[in-house]
Structures are given as structure tokens and as C-alpha cells.
$ cat structure.pdb   # PDB, C-alpha atoms
ATOM      1  CA  MET A 261       6.242-115.411  42.071  1.00  0.00           C
ATOM      2  CA  THR A 262       5.813-114.884  38.353  1.00  0.00           C
ATOM      3  CA  ILE A 263       6.185-111.097  38.716  1.00  0.00           C
ATOM      4  CA  ILE A 264       9.354-111.458  40.797  1.00  0.00           C
ATOM      5  CA  ALA A 265      10.942-113.773  38.233  1.00  0.00           C
ATOM      6  CA  TYR A 266      10.075-111.295  35.479  1.00  0.00           C
ATOM      7  CA  ASN A 267      11.621-108.411  37.431  1.00  0.00           C
ATOM      8  CA  GLU A 268      14.790-110.405  38.052  1.00  0.00           C
ATOM      9  CA  SER A 269      15.167-111.160  34.349  1.00  0.00           C
ATOM     10  CA  VAL A 270      14.712-107.495  33.516  1.00  0.00           C
ATOM     11  CA  VAL A 271      17.377-106.527  36.026  1.00  0.00           C
ATOM     12  CA  ILE A 272      19.776-109.119  34.651  1.00  0.00           C
ATOM     13  CA  CYS A 273      19.197-107.925  31.079  1.00  0.00           C
ATOM     14  CA  TYR A 274      19.724-104.344  32.151  1.00  0.00           C
ATOM     15  CA  LEU A 275      22.993-105.185  33.929  1.00  0.00           C
ATOM     16  CA  LEU A 276      24.246-107.087  30.881  1.00  0.00           C
ATOM     17  CA  PHE A 277      23.393-104.113  28.695  1.00  0.00           C
ATOM     18  CA  VAL A 278      25.319-101.746  30.964  1.00  0.00           C
ATOM     19  CA  ILE A 279      28.344-104.052  31.057  1.00  0.00           C
ATOM     20  CA  CYS A 280      28.354-104.388  27.257  1.00  0.00           C
ATOM     21  CA  TYR A 281      27.990-100.641  26.837  1.00  0.00           C
ATOM     22  CA  TRP A 282      31.002 -99.863  29.025  1.00  0.00           C
ATOM     23  CA  LEU A 283      33.056-102.597  27.367  1.00  0.00           C
ATOM     24  CA  LEU A 284      32.370-100.931  24.016  1.00  0.00           C
ATOM     25  CA  VAL A 285      33.347 -97.549  25.454  1.00  0.00           C
ATOM     26  CA  ILE A 286      36.626 -98.980  26.764  1.00  0.00           C
ATOM     27  CA  CYS A 287      37.388-100.642  23.408  1.00  0.00           C
ATOM     28  CA  TYR A 288      36.698 -97.379  21.606  1.00  0.00           C
ATOM     29  CA  LEU A 289      39.037 -95.459  23.908  1.00  0.00           C
ATOM     30  CA  LEU A 290      41.772 -98.043  23.398  1.00  0.00           C
ATOM     31  CA  LEU A 291      41.399 -97.717  19.619  1.00  0.00           C
ATOM     32  CA  VAL A 292      41.616 -93.924  19.873  1.00  0.00           C
ATOM     33  CA  ILE A 293      44.791 -94.175  21.962  1.00  0.00           C
ATOM     34  CA  CYS A 294      46.357 -96.582  19.451  1.00  0.00           C
ATOM     35  CA  TYR A 295      45.428 -94.283  16.558  1.00  0.00           C
ATOM     36  CA  LEU A 296      46.910 -91.253  18.304  1.00  0.00           C
ATOM     37  CA  GLN A 297      50.186 -93.119  18.689  1.00  0.00           C
ATOM     38  CA  CYS A 298      50.256 -94.183  15.029  1.00  0.00           C
ATOM     39  CA  PRO A 299      47.967 -92.155  12.721  1.00  0.00           C
ATOM     40  CA  ILE A 300      47.016 -93.885   9.510  1.00  0.00           C
ATOM     41  CA  PRO A 301      48.503 -92.227   6.368  1.00  0.00           C
ATOM     42  CA  ASN A 302      45.951 -90.582   4.056  1.00  0.00           C
ATOM     43  CA  SER A 303      43.267 -90.895   6.729  1.00  0.00           C
ATOM     44  CA  PRO A 304      40.239 -88.600   6.255  1.00  0.00           C
ATOM     45  CA  PHE A 305      40.617 -87.803   9.968  1.00  0.00           C
ATOM     46  CA  PRO A 306      44.253 -86.653  10.304  1.00  0.00           C
ATOM     47  CA  ILE A 307      45.594 -85.917  13.775  1.00  0.00           C
ATOM     48  CA  PRO A 308      48.850 -83.965  13.300  1.00  0.00           C
ATOM     49  CA  ASN A 309      49.721 -83.816  16.971  1.00  0.00           C
ATOM     50  CA  SER A 310      48.339 -85.959  19.731  1.00  0.00           C
ATOM     51  CA  PRO A 311      46.858 -83.786  22.512  1.00  0.00           C
ATOM     52  CA  PHE A 312      48.033 -86.296  25.072  1.00  0.00           C
ATOM     53  CA  PRO A 313      51.067 -88.209  23.744  1.00  0.00           C
ATOM     54  CA  ILE A 314      51.980 -91.321  25.651  1.00  0.00           C
ATOM     55  CA  PRO A 315      55.713 -92.028  25.769  1.00  0.00           C
ATOM     56  CA  ASN A 316      56.464 -95.712  26.219  1.00  0.00           C
ATOM     57  CA  SER A 317      52.937 -96.595  25.205  1.00  0.00           C
ATOM     58  CA  PRO A 318      52.058-100.208  26.072  1.00  0.00           C
ATOM     59  CA  PHE A 319      50.090-100.487  22.844  1.00  0.00           C
ATOM     60  CA  PRO A 320      52.072-101.761  19.824  1.00  0.00           C
ATOM     61  CA  LYS A 321      52.255 -99.506  16.801  1.00  0.00           C
ATOM     62  CA  ILE A 322      49.961-100.498  13.989  1.00  0.00           C
ATOM     63  CA  PHE A 323      51.858-101.857  10.957  1.00  0.00           C
ATOM     64  CA  ILE A 324      50.675-100.101   7.816  1.00  0.00           C
ATOM     65  CA  MET A 325      51.655-101.978   4.668  1.00  0.00           C
ATOM     66  CA  PRO A 326      53.643 -99.585   2.436  1.00  0.00           C
ATOM     67  CA  LYS A 327      52.122 -99.080  -0.998  1.00  0.00           C
ATOM     68  CA  PHE A 328      54.380 -99.005  -4.051  1.00  0.00           C
ATOM     69  CA  LEU A 329      53.690 -98.013  -7.625  1.00  0.00           C
ATOM     70  CA  LEU A 330      56.224 -99.367 -10.121  1.00  0.00           C
ATOM     71  CA  THR A 331      56.189 -98.313 -13.770  1.00  0.00           C
ATOM     72  CA  SER A 332      57.954 -99.545 -16.899  1.00  0.00           C
ATOM     73  CA  PHE A 333      58.037 -98.609 -20.577  1.00  0.00           C
ATOM     74  CA  ASP A 334      57.154-100.425 -23.766  1.00  0.00           C
ATOM     75  CA  THR A 335      59.572-100.770 -26.679  1.00  0.00           C
ATOM     76  CA  TRP A 336      59.986 -97.984 -29.236  1.00  0.00           C
ATOM     77  CA  GLN A 337      62.513 -99.317 -31.784  1.00  0.00           C
ATOM     78  CA  PRO A 338      61.999-102.159 -34.306  1.00  0.00           C
ATOM     79  CA  HIS A 339      65.030-104.106 -33.068  1.00  0.00           C
ATOM     80  CA  GLN A 340      63.797-104.216 -29.469  1.00  0.00           C
ATOM     81  CA  LYS A 341      62.130-107.501 -28.543  1.00  0.00           C
ATOM     82  CA  SER A 342      61.298-106.154 -25.073  1.00  0.00           C
ATOM     83  CA  ASN A 343      62.061-103.250 -22.785  1.00  0.00           C
ATOM     84  CA  SER A 344      64.495-104.164 -20.016  1.00  0.00           C
ATOM     85  CA  SER A 345      62.567-102.044 -17.511  1.00  0.00           C
ATOM     86  CA  ASP A 346      59.507-104.195 -18.153  1.00  0.00           C
ATOM     87  CA  ASP A 347      61.598-107.367 -18.086  1.00  0.00           C
ATOM     88  CA  LEU A 348      62.745-106.367 -14.607  1.00  0.00           C
ATOM     89  CA  LEU A 349      59.243-105.642 -13.327  1.00  0.00           C
ATOM     90  CA  ALA A 350      58.040-108.933 -14.767  1.00  0.00           C
ATOM     91  CA  ARG A 351      60.643-110.691 -12.619  1.00  0.00           C
ATOM     92  CA  ILE A 352      59.784-108.585  -9.553  1.00  0.00           C
ATOM     93  CA  SER A 353      56.064-109.323  -9.937  1.00  0.00           C
ATOM     94  CA  GLN A 354      56.830-113.035  -9.549  1.00  0.00           C
ATOM     95  CA  ILE A 355      58.384-112.564  -6.105  1.00  0.00           C
ATOM     96  CA  LYS A 356      55.725-113.426  -3.519  1.00  0.00           C
ATOM     97  CA  SER A 357      57.787-112.732  -0.399  1.00  0.00           C
ATOM     98  CA  PHE A 358      57.344-108.946  -0.382  1.00  0.00           C
ATOM     99  CA  PRO A 359      55.187-107.963   2.622  1.00  0.00           C
ATOM    100  CA  TYR A 360      54.144-104.807   0.787  1.00  0.00           C
ATOM    101  CA  SER A 361      51.478-103.711  -1.659  1.00  0.00           C
ATOM    102  CA  LEU A 362      53.090-103.582  -5.111  1.00  0.00           C
ATOM    103  CA  THR A 363      51.071-102.153  -8.002  1.00  0.00           C
ATOM    104  CA  PHE A 364      52.548-102.398 -11.486  1.00  0.00           C
ATOM    105  CA  LEU A 365      51.860 -99.939 -14.299  1.00  0.00           C
ATOM    106  CA  ARG A 366      53.696-101.720 -17.072  1.00  0.00           C
ATOM    107  CA  LYS A 367      54.548-100.873 -20.669  1.00  0.00           C
ATOM    108  CA  LEU A 368      53.829 -97.172 -20.619  1.00  0.00           C
ATOM    109  CA  PRO A 369      53.887 -95.715 -24.135  1.00  0.00           C
ATOM    110  CA  VAL A 370      57.148 -94.036 -25.092  1.00  0.00           C
ATOM    111  CA  ASP A 371      55.415 -90.702 -25.395  1.00  0.00           C
ATOM    112  CA  ALA A 372      56.413 -87.595 -23.436  1.00  0.00           C
ATOM    113  CA  GLU A 373      52.792 -86.569 -22.874  1.00  0.00           C
ATOM    114  CA  ARG A 374      50.840 -89.816 -22.575  1.00  0.00           C
ATOM    115  CA  ALA A 375      53.260 -91.600 -20.238  1.00  0.00           C
ATOM    116  CA  PRO A 376      53.226 -88.881 -17.515  1.00  0.00           C
ATOM    117  CA  ASN A 377      49.444 -88.529 -17.786  1.00  0.00           C
ATOM    118  CA  LEU A 378      48.901 -92.247 -17.266  1.00  0.00           C
ATOM    119  CA  ALA A 379      51.356 -92.390 -14.368  1.00  0.00           C
ATOM    120  CA  ILE A 380      49.911 -89.351 -12.590  1.00  0.00           C
ATOM    121  CA  ALA A 381      46.373 -90.693 -12.979  1.00  0.00           C
ATOM    122  CA  GLN A 382      47.461 -93.927 -11.305  1.00  0.00           C
ATOM    123  CA  ILE A 383      49.244 -91.998  -8.533  1.00  0.00           C
ATOM    124  CA  ASN A 384      46.074 -90.030  -7.795  1.00  0.00           C
ATOM    125  CA  LYS A 385      44.020 -93.214  -7.769  1.00  0.00           C
ATOM    126  CA  LEU A 386      46.372 -95.410  -5.740  1.00  0.00           C
ATOM    127  CA  GLN A 387      47.938 -92.795  -3.435  1.00  0.00           C
ATOM    128  CA  PRO A 388      51.159 -94.814  -3.047  1.00  0.00           C
ATOM    129  CA  ASP A 389      53.818 -94.149  -0.433  1.00  0.00           C
ATOM    130  CA  THR A 390      56.634 -94.715  -2.929  1.00  0.00           C
ATOM    131  CA  ILE A 391      56.865 -94.551  -6.709  1.00  0.00           C
ATOM    132  CA  ILE A 392      59.619 -96.315  -8.632  1.00  0.00           C
ATOM    133  CA  CYS A 393      59.687 -95.389 -12.316  1.00  0.00           C
ATOM    134  CA  CYS A 394      61.856 -97.569 -14.529  1.00  0.00           C
ATOM    135  CA  GLY A 395      63.194 -97.128 -18.036  1.00  0.00           C
ATOM    136  CA  MET A 396      65.642 -98.880 -20.333  1.00  0.00           C
ATOM    137  CA  ALA A 397      69.220 -97.706 -20.849  1.00  0.00           C
ATOM    138  CA  GLU A 398      70.717 -99.980 -23.487  1.00  0.00           C
ATOM    139  CA  SER A 399      74.193 -98.464 -23.267  1.00  0.00           C
ATOM    140  CA  ARG A 400      74.552 -98.758 -19.481  1.00  0.00           C
ATOM    141  CA  GLN A 401      75.969-101.739 -17.641  1.00  0.00           C
ATOM    142  CA  LYS A 402      74.423-101.172 -14.210  1.00  0.00           C
ATOM    143  CA  LEU A 403      71.164-100.085 -12.690  1.00  0.00           C
ATOM    144  CA  THR A 404      71.359 -96.301 -12.363  1.00  0.00           C
ATOM    145  CA  VAL A 405      69.210 -94.342  -9.927  1.00  0.00           C
ATOM    146  CA  GLU A 406      68.611 -90.829 -11.189  1.00  0.00           C
ATOM    147  CA  SER A 407      69.204 -88.010  -8.700  1.00  0.00           C
ATOM    148  CA  CYS A 408      67.201 -85.392 -10.602  1.00  0.00           C
ATOM    149  CA  ALA A 409      65.141 -84.537 -13.646  1.00  0.00           C
ATOM    150  CA  CYS A 410      65.452 -81.423 -15.817  1.00  0.00           C
ATOM    151  CA  CYS A 411      63.035 -79.477 -17.984  1.00  0.00           C
ATOM    152  CA  ASP A 412      64.408 -76.398 -19.733  1.00  0.00           C
ATOM    153  CA  ASN A 413      66.338 -74.677 -16.934  1.00  0.00           C
ATOM    154  CA  ASN A 414      64.329 -76.230 -14.114  1.00  0.00           C
ATOM    155  CA  ILE A 415      65.748 -79.054 -12.008  1.00  0.00           C
ATOM    156  CA  LEU A 416      63.783 -81.229  -9.594  1.00  0.00           C
ATOM    157  CA  LYS A 417      65.571 -83.609  -7.235  1.00  0.00           C
ATOM    158  CA  THR A 418      64.314 -86.737  -5.543  1.00  0.00           C
ATOM    159  CA  ALA A 419      63.814 -86.510  -1.788  1.00  0.00           C
ATOM    160  CA  VAL A 420      65.299 -89.985  -1.309  1.00  0.00           C
ATOM    161  CA  ASN A 421      68.810 -90.281   0.130  1.00  0.00           C
ATOM    162  CA  LEU A 422      70.270 -92.230  -2.777  1.00  0.00           C
ATOM    163  CA  ALA A 423      73.700 -92.838  -1.244  1.00  0.00           C
ATOM    164  CA  HIS A 424      72.025 -94.503   1.721  1.00  0.00           C
ATOM    165  CA  LEU A 425      69.601 -96.357  -0.541  1.00  0.00           C
ATOM    166  CA  ILE A 426      72.186 -98.083  -2.741  1.00  0.00           C
ATOM    167  CA  ALA A 427      74.980 -98.580  -0.198  1.00  0.00           C
ATOM    168  CA  ASP A 428      76.800-101.899  -0.751  1.00  0.00           C
ATOM    169  CA  LEU A 429      74.698-102.848  -3.785  1.00  0.00           C
ATOM    170  CA  PRO A 430      77.173-103.846  -6.511  1.00  0.00           C
ATOM    171  CA  THR A 431      74.962-103.464  -9.582  1.00  0.00           C
ATOM    172  CA  ILE A 432      73.597 -99.985  -8.785  1.00  0.00           C
ATOM    173  CA  LYS A 433      75.095 -96.516  -9.056  1.00  0.00           C
ATOM    174  CA  ILE A 434      73.812 -92.946  -8.911  1.00  0.00           C
ATOM    175  CA  SER A 435      73.362 -90.944 -12.112  1.00  0.00           C
ATOM    176  CA  ASN A 436      72.902 -87.193 -12.534  1.00  0.00           C
ATOM    177  CA  ASP A 437      71.704 -87.424 -16.133  1.00  0.00           C
ATOM    178  CA  ALA A 438      68.243 -88.911 -16.685  1.00  0.00           C
ATOM    179  CA  GLY A 439      68.764 -89.022 -20.442  1.00  0.00           C
ATOM    180  CA  LYS A 440      66.863 -86.078 -21.961  1.00  0.00           C
ATOM    181  CA  PHE A 441      64.204 -88.434 -23.329  1.00  0.00           C
ATOM    182  CA  VAL A 442      60.753 -89.692 -22.338  1.00  0.00           C
ATOM    183  CA  CYS A 443      62.268 -91.199 -19.179  1.00  0.00           C
ATOM    184  CA  GLU A 444      63.297 -87.764 -17.966  1.00  0.00           C
ATOM    185  CA  SER A 445      59.954 -86.270 -19.008  1.00  0.00           C
ATOM    186  CA  LEU A 446      58.133 -88.840 -16.899  1.00  0.00           C
ATOM    187  CA  TYR A 447      60.433 -88.367 -13.904  1.00  0.00           C
ATOM    188  CA  TYR A 448      60.154 -84.578 -14.031  1.00  0.00           C
ATOM    189  CA  ALA A 449      56.368 -84.669 -14.414  1.00  0.00           C
ATOM    190  CA  VAL A 450      55.924 -87.010 -11.449  1.00  0.00           C
ATOM    191  CA  LEU A 451      58.268 -85.012  -9.180  1.00  0.00           C
ATOM    192  CA  LYS A 452      56.497 -81.805 -10.191  1.00  0.00           C
ATOM    193  CA  HIS A 453      53.072 -83.316  -9.521  1.00  0.00           C
ATOM    194  CA  LEU A 454      54.122 -84.530  -6.071  1.00  0.00           C
ATOM    195  CA  ALA A 455      55.501 -81.109  -5.176  1.00  0.00           C
ATOM    196  CA  GLU A 456      52.597 -79.062  -6.511  1.00  0.00           C
ATOM    197  CA  SER A 457      49.966 -81.369  -5.016  1.00  0.00           C
ATOM    198  CA  GLN A 458      51.862 -81.532  -1.701  1.00  0.00           C
ATOM    199  CA  ILE A 459      51.799 -85.315  -1.817  1.00  0.00           C
ATOM    200  CA  SER A 460      54.193 -86.877   0.676  1.00  0.00           C
ATOM    201  CA  ALA A 461      55.026 -89.849  -1.564  1.00  0.00           C
ATOM    202  CA  LYS A 462      58.646 -90.366  -2.595  1.00  0.00           C
ATOM    203  CA  CYS A 463      59.759 -91.047  -6.147  1.00  0.00           C
ATOM    204  CA  ILE A 464      62.904 -92.393  -7.768  1.00  0.00           C
ATOM    205  CA  PHE A 465      63.727 -93.252 -11.373  1.00  0.00           C
ATOM    206  CA  VAL A 466      65.833 -96.306 -12.181  1.00  0.00           C
ATOM    207  CA  HIS A 467      67.430 -96.920 -15.554  1.00  0.00           C
ATOM    208  CA  VAL A 468      67.765-100.617 -16.316  1.00  0.00           C
ATOM    209  CA  PRO A 469      70.468-102.131 -18.551  1.00  0.00           C
ATOM    210  CA  ILE A 470      69.742-105.012 -20.900  1.00  0.00           C
ATOM    211  CA  LEU A 471      69.131-108.105 -18.783  1.00  0.00           C
ATOM    212  CA  THR A 472      71.267-111.101 -19.676  1.00  0.00           C
ATOM    213  CA  ALA A 473      71.786-114.559 -18.265  1.00  0.00           C
ATOM    214  CA  GLU A 474      74.906-113.254 -16.550  1.00  0.00           C
ATOM    215  CA  ASN A 475      73.521-110.140 -14.849  1.00  0.00           C
ATOM    216  CA  ALA A 476      69.780-110.707 -14.408  1.00  0.00           C
ATOM    217  CA  ASP A 477      69.781-112.519 -11.062  1.00  0.00           C
ATOM    218  CA  GLN A 478      72.052-109.977  -9.354  1.00  0.00           C
ATOM    219  CA  ILE A 479      70.123-107.025 -10.779  1.00  0.00           C
ATOM    220  CA  VAL A 480      66.828-108.495  -9.585  1.00  0.00           C
ATOM    221  CA  ALA A 481      68.337-109.134  -6.144  1.00  0.00           C
ATOM    222  CA  ASP A 482      69.686-105.584  -5.797  1.00  0.00           C
ATOM    223  CA  PHE A 483      66.472-104.006  -7.094  1.00  0.00           C
ATOM    224  CA  SER A 484      64.538-106.088  -4.561  1.00  0.00           C
ATOM    225  CA  LEU A 485      66.757-104.708  -1.809  1.00  0.00           C
ATOM    226  CA  VAL A 486      66.030-101.177  -2.999  1.00  0.00           C
ATOM    227  CA  ILE A 487      62.306-101.888  -2.578  1.00  0.00           C
ATOM    228  CA  ARG A 488      62.871-103.322   0.906  1.00  0.00           C
ATOM    229  CA  ARG A 489      65.005-100.353   1.990  1.00  0.00           C
ATOM    230  CA  LEU A 490      62.430 -97.861   0.744  1.00  0.00           C
ATOM    231  CA  ALA A 491      59.720 -99.779   2.596  1.00  0.00           C
ATOM    232  CA  ARG A 492      61.836 -99.858   5.773  1.00  0.00           C
ATOM    233  CA  ASP A 493      62.339 -96.096   5.620  1.00  0.00           C
ATOM    234  CA  GLU A 494      58.601 -95.655   5.151  1.00  0.00           C
ATOM    235  CA  THR A 495      57.658 -97.798   8.160  1.00  0.00           C
ATOM    236  CA  ASN A 496      60.299 -96.115  10.335  1.00  0.00           C
ATOM    237  CA  LYS A 497      58.777 -92.643   9.874  1.00  0.00           C
TER
END
$ encode --input "structure.pdb" --output "C-alpha cells"
Amino acid sequence: MTIIAYNESVVICYLLFVICYWLLVICYLLLVICYLQCPIPNSPFPIPNSPFPIPNSPFPKIFIMPKFLLTSFDTWQPHQKSNSSDDLLARISQIKSFPYSLTFLRKLPVDAERAPNLAIAQINKLQPDTIICCGMAESRQKLTVESCACCDNNILKTAVNLAHLIADLPTIKISNDAGKFVCESLYYAVLKHLAESQISAKCIFVHVPILTAENADQIVADFSLVIRRLARDETNK
């Protein structure tokens, strides 16, 4: 009787092992199917085209939190108490309702060589989906999104549809002149790096006017909408 009981326990253990094994196999296959329907960006195991695409898949797409890198500049003139681009990012960093990953690279030096180097190093480290560079424009009254950056006779344009991005936002307009200063040097360097490195991240440059008690809340609200629209476009890819 003792031998029979021992044999029964062995059989039961073996059956449980087999059941667990096949459950693991099924779970693995389900994960593979989900991944094929929604590959993870920057994955070390890219799958450009699913060998067996499933239209109307019953498995929900995996939500990947968009990653943003936002940069600002420090002051560079004695009369400047702060840089409005950094003032804006300070306000944005206090908003906790963004369901995205926001990384801030604040107070870049106003230096045409150091600022791009610091930004590009952070891009390579973070691998963001979207980069929003910001700089101060004391003479402007609205947020201005720059369409391009120039260096000598070379022009690089952002891949973002700016007209769609700023539609119905009262404090933002499109600019075709990034200022011929460190702001433009940074913008050009980042766009060039993305192109040469074949990085799929998008980049825009936003010039920020002086923030006042009268305009600050609306500017923050519109800039927040720009972030949300860029994130929506990213998740809808």
C-alpha cells in the first residue's frame, strides 16, 4: 500500500508539472502575439513586419508611455533675472497630470558649442520619442514654434506638422526665423544629429516670450496642449 501511494503522488506531481509547463507555453505565445501587434520602440529585438498579422486582434494594444525631453536656457545678460524658457519649464514640471515621461534639461549654457553637446548627450542617453527645445525671445509676444534651423546655406526642417500642432491655440504661431543665435545652433545641431543617426524622434523648437501675470496662465495651458498633441500623435503611430 505504501508503494502504491508513492506512485500515485509521483503521477500527480508529474501531471501538475505538465499542466504548468503548457500553461507557461500558452502565456509565452500570447505575449509573442501581443508584441507582434504592437512592437516596443527601441526594443533590442525589433520585428519590422509581423509574419502573421492578425487583423481585429482580440488582444489590446500595449500602451507605451511617450518619453519627452524638454530643454531650456540660462540667462546671458546682466539685466535678466531669469530666462522665460526656463520659467515655462518650471511651471510645466509642476503639472502632475501628464501621463507621459517628461525629462527636463534646464538652464543650458548660452554657448553654441556646449549647449548642443549637452542636449545630444542627453538624447543619446534617454532616447526620447519627442524633443522640445525652448529658448527666450524677449521681443516676441507669443510662443513661436520654429519651422526650421539654418547653418550657413543649409536648412533643416522639423518633421512635425506645425499647422496641425498649433491649430486653435491662441498664444502660439509658426516662425520661419529661429533667430541666428544659440537657439538656432541648438535646433540645427539636434535636427542634424537625429537625421545622421537615423533616430526616429521628433524635435521642435519653441521661443518663449517674457512671462507676465497677464499671459503666463494661457501660455502654460497652450504649451501643455502642444505636449499632449505630440504625445497623441506618438501613440497613434
$ resolve_selection --input "structure.pdb" --expression "the PyMOL selection byres ((chain A and resi 489) around 12)" --output "PyMOL selection string"
chain A and resi 326+358+360+390+420-427+429+482-488+490-496
$ closest_residue --input "structure.pdb" --among "A:Ile432, A:Leu362, A:Val450, A:Leu291" --to "Lys327 of chain A" --atoms "only C-alpha atoms"
A:Leu362
$ closest_residue --input "structure.pdb" --among "A:Leu276, A:Leu330, A:Ala455, A:Ile470" --to "Ile392 of chain A" --atoms "all atoms listed in the file"
A:Leu330
$ closest_residue --input "structure.pdb" --among "A:Val271, A:Leu329, A:Ile355, A:Ile383" --to "Leu454 of chain A" --atoms "all atoms listed in the file"
A:Ile383
$ closest_atom_pairs --input "structure.pdb" --of "segment 359-423 of chain A" --to "segment 444-449 of chain A" --cutoff "10 Å" --atoms "all atoms listed in the file" --output "CSV"
residue,atom,partner,partner_atom,distance
A:Val370,CA,A:Leu446,CA,9.8
A:Asp371,CA,A:Ser445,CA,9.0
A:Ala372,CA,A:Ser445,CA,5.8
A:Glu373,CA,A:Ser445,CA,8.1
A:Arg374,CA,A:Leu446,CA,9.3
A:Ala375,CA,A:Leu446,CA,6.5
A:Pro376,CA,A:Leu446,CA,4.9
A:Asn377,CA,A:Ala449,CA,8.6
A:Leu378,CA,A:Leu446,CA,9.8
A:Ala379,CA,A:Leu446,CA,8.1
A:Ile380,CA,A:Ala449,CA,8.2
A:Ile392,CA,A:Tyr447,CA,9.6
A:Cys393,CA,A:Tyr447,CA,7.2
A:Cys394,CA,A:Tyr447,CA,9.3
A:Gly395,CA,A:Glu444,CA,9.4
A:Glu406,CA,A:Tyr447,CA,9.0
A:Cys408,CA,A:Tyr448,CA,7.9
A:Ala409,CA,A:Tyr448,CA,5.0
A:Cys410,CA,A:Tyr448,CA,6.4
A:Cys411,CA,A:Tyr448,CA,7.1
A:Asn414,CA,A:Tyr448,CA,9.3
A:Ile415,CA,A:Tyr448,CA,8.1
A:Leu416,CA,A:Tyr448,CA,6.6
A:Lys417,CA,A:Tyr448,CA,8.7
A:Thr418,CA,A:Tyr447,CA,9.4
$ residues_around --input "structure.pdb" --residues "Pro430 of chain A" --least-positions-apart "6" --cutoff "9 Å" --atoms "only C-alpha atoms" --output "PyMOL selection string"
chain A and resi 402+478-479+482
$ atom_distance --input "structure.pdb" --atom1 "atom CA of Thr331 of chain A" --atom2 "atom CA of Leu365 of chain A"
4.7 Å
$ atom_distance --input "structure.pdb" --atom1 "atom CA of Met396 of chain A" --atom2 "atom CA of Gln337 of chain A"
11.9 Å
$ residues_around --input "structure.pdb" --residues "Thr335 of chain A" --least-positions-apart "3" --cutoff "12 Å" --atoms "only C-alpha atoms" --output "list in words"
Ser332, Pro338, His339, Gln340, Lys341, Ser342, Asn343, Ser344, Ser345, Asp346, Asp347, Arg366, Lys367, Leu368, Pro369, Val370, Asp371, Gly395, Met396, Ala397, Glu398 and Val442 of chain A
$ atom_distance --input "structure.pdb" --atom1 "atom CA of Trp336 of chain A" --atom2 "atom CA of Asp412 of chain A"
24.0 Å
$ closest_residue --input "structure.pdb" --among "A:Val480, A:Ala461, A:Ala381, A:Met325" --to "Pro359 of chain A" --atoms "all atoms listed in the file"
A:Met325
$ closest_residue --input "structure.pdb" --among "A:Ala481, A:Cys273, A:Val405, A:Leu290" --to "Ala438 of chain A" --atoms "only C-alpha atoms"
A:Val405
